[in-house]
Amino acid sequence: MEKLEHSLWIVDFVNALLGPLVRAALEPLGFHFAADHPVIPNYLVMVMLIVAIMTIVSLVLRSRLSVEHPGKFQILMEDGVRAVVNLLEEWIGPQGGRFLPLIGTLGIFILMGNYMGLVPGLMAPTSSINVTLGCALTIWVYYHFQGIKTQGIVAYVKHFAAPPGAPVFIAPIMLPIEIISHLSRVLSLSLRLFGNIFGEELVIIILFSIIPFLVPLPMMFLGLITGGLQAFIFVLLSIIYLQGAVAVEHHADEHGHDAPSGHEAPAAA
């Protein structure tokens with residue numbers, strides 16, 4: 001695996017620019033860096049690049065927003081936002097749109113991270129377990145926070161021990177099962193994304209090292225499909241976990257009909 005590793009020009013540039021400052025700031029705190037390793041790792045540079053791109057594009061798009069004469073990119077972004085909002089409202093209900101900022105931003109970040117590995121000279125930050133674990137922990141903390149905020153801490157903790165309609169005496173059995181189930185969601189979200197993107201990058205690097213031209217192209221084309229699919233799966237699972245956390249018992253929503261069948265109390269993925 002070490003033979004397949006290669007330095008990236010942008011990582012070298014960022015480390016030459018910011019490395020000495022980071023080293024000077026962290027070494028007094030007890031962090032030590034090997035001389036032959038970059039102070040700022042590859043995946044962190046890629047994350048910084050994605051954040052910079054998203055910030056610049058958002059600022060430019062915001063300055064060009066128009067109700068009367070929307071541009072093609074604005075229309076595309078509006079369609080994407082509407083699709084995510086529809087998904088949130090379908091699973092969570094009319095109030096699901098309030099979760100758009102985190103879900104939408106995380107979905108764009110993961111999508112860009114997955115596709116970044118297909119660009120020559122870059123790598124997919126989502127091929128690092130550190131990045132995917134960070135995304136998974138963000139969602140895990142967020143949906144528990146929203147569950148406590150919506151239901152109250154007592155009612156939220158109670159549903160771990162005795163789900164609605166279940167007898168109280170099964171609480172000693174259900175509580176450890178629910179705790180293990182929720183902890184496993186962090187592994188499920190992080191390892192699924194990491195394994196798929198890391199494996200895809202590894203195969204592309206191996207093919208490119210054997211025959212540089214044409215042969216890696218089918219795998220790169222497949223990466224366009226799997227990259228978008230993995231981002232969608234992460235977003236969908238995040239929405240399902242949010243739905244399970246903020247759901248409260250009711251017989252009808254604001255439109256006077258029951259919640260979508262099959263979307264209530266989804267099983268943990």
# chains A, B, ... in the order shown; residues from 1 in each chain; ligands from 1

$ residues_around --residues "Lys149 (chain A)" --least-positions-apart "4" --cutoff "12 Å" --atoms "only C-alpha atoms" --output "list in words"
Tyr142, Tyr143, His144, Phe145, Ile153, Val154, Ala155, Tyr156, Val157, Leu242, Ala245, Val246, Ala247 and Val248 of chain A

$ write_last_selection --atoms "C-alpha atoms" --output "PDB file, in the first residue's frame"
ATOM      1  CA  TYR A 142     -27.374  16.054  15.724  1.00  0.00           C
ATOM      2  CA  TYR A 143     -30.307  13.634  15.595  1.00  0.00           C
ATOM      3  CA  HIS A 144     -30.019  12.863  19.316  1.00  0.00           C
ATOM      4  CA  PHE A 145     -29.938  16.600  20.044  1.00  0.00           C
ATOM      5  CA  ILE A 153     -35.042  14.316  27.555  1.00  0.00           C
ATOM      6  CA  VAL A 154     -37.333  12.113  29.677  1.00  0.00           C
ATOM      7  CA  ALA A 155     -39.633  11.091  26.809  1.00  0.00           C
ATOM      8  CA  TYR A 156     -36.685  10.638  24.450  1.00  0.00           C
ATOM      9  CA  VAL A 157     -34.755   8.375  26.823  1.00  0.00           C
ATOM     10  CA  LEU A 242     -33.808  12.052  12.262  1.00  0.00           C
ATOM     11  CA  ALA A 245     -35.635  10.778  16.796  1.00  0.00           C
ATOM     12  CA  VAL A 246     -38.150  13.606  16.309  1.00  0.00           C
ATOM     13  CA  ALA A 247     -41.268  11.528  15.619  1.00  0.00           C
ATOM     14  CA  VAL A 248     -44.059  11.974  18.156  1.00  0.00           C
TER      15      VAL A 248
END

$ residues_around --residues "Ile177 (chain A)" --least-positions-apart "5" --cutoff "12 Å" --atoms "only C-alpha atoms" --output "number ranges by chain"
A: 160-163, 170-172, 182-184, 268

$ atom_distance --atom1 "CA of Phe99 (chain A)" --atom2 "CA of Asn86 (chain A)"
11.6 Å

$ select_by_dssp --residues "region 19-99 of chain A" --states "alpha helix (DSSP H)" --output "PyMOL selection string"
chain A and resi 19-26+42-63+72-91

$ residues_around --residues "Arg62 (chain A)" --least-positions-apart "4" --cutoff "12 Å" --atoms "only C-alpha atoms" --output "number ranges by chain"
A: 54-58, 66-67, 70-71, 73-74, 77
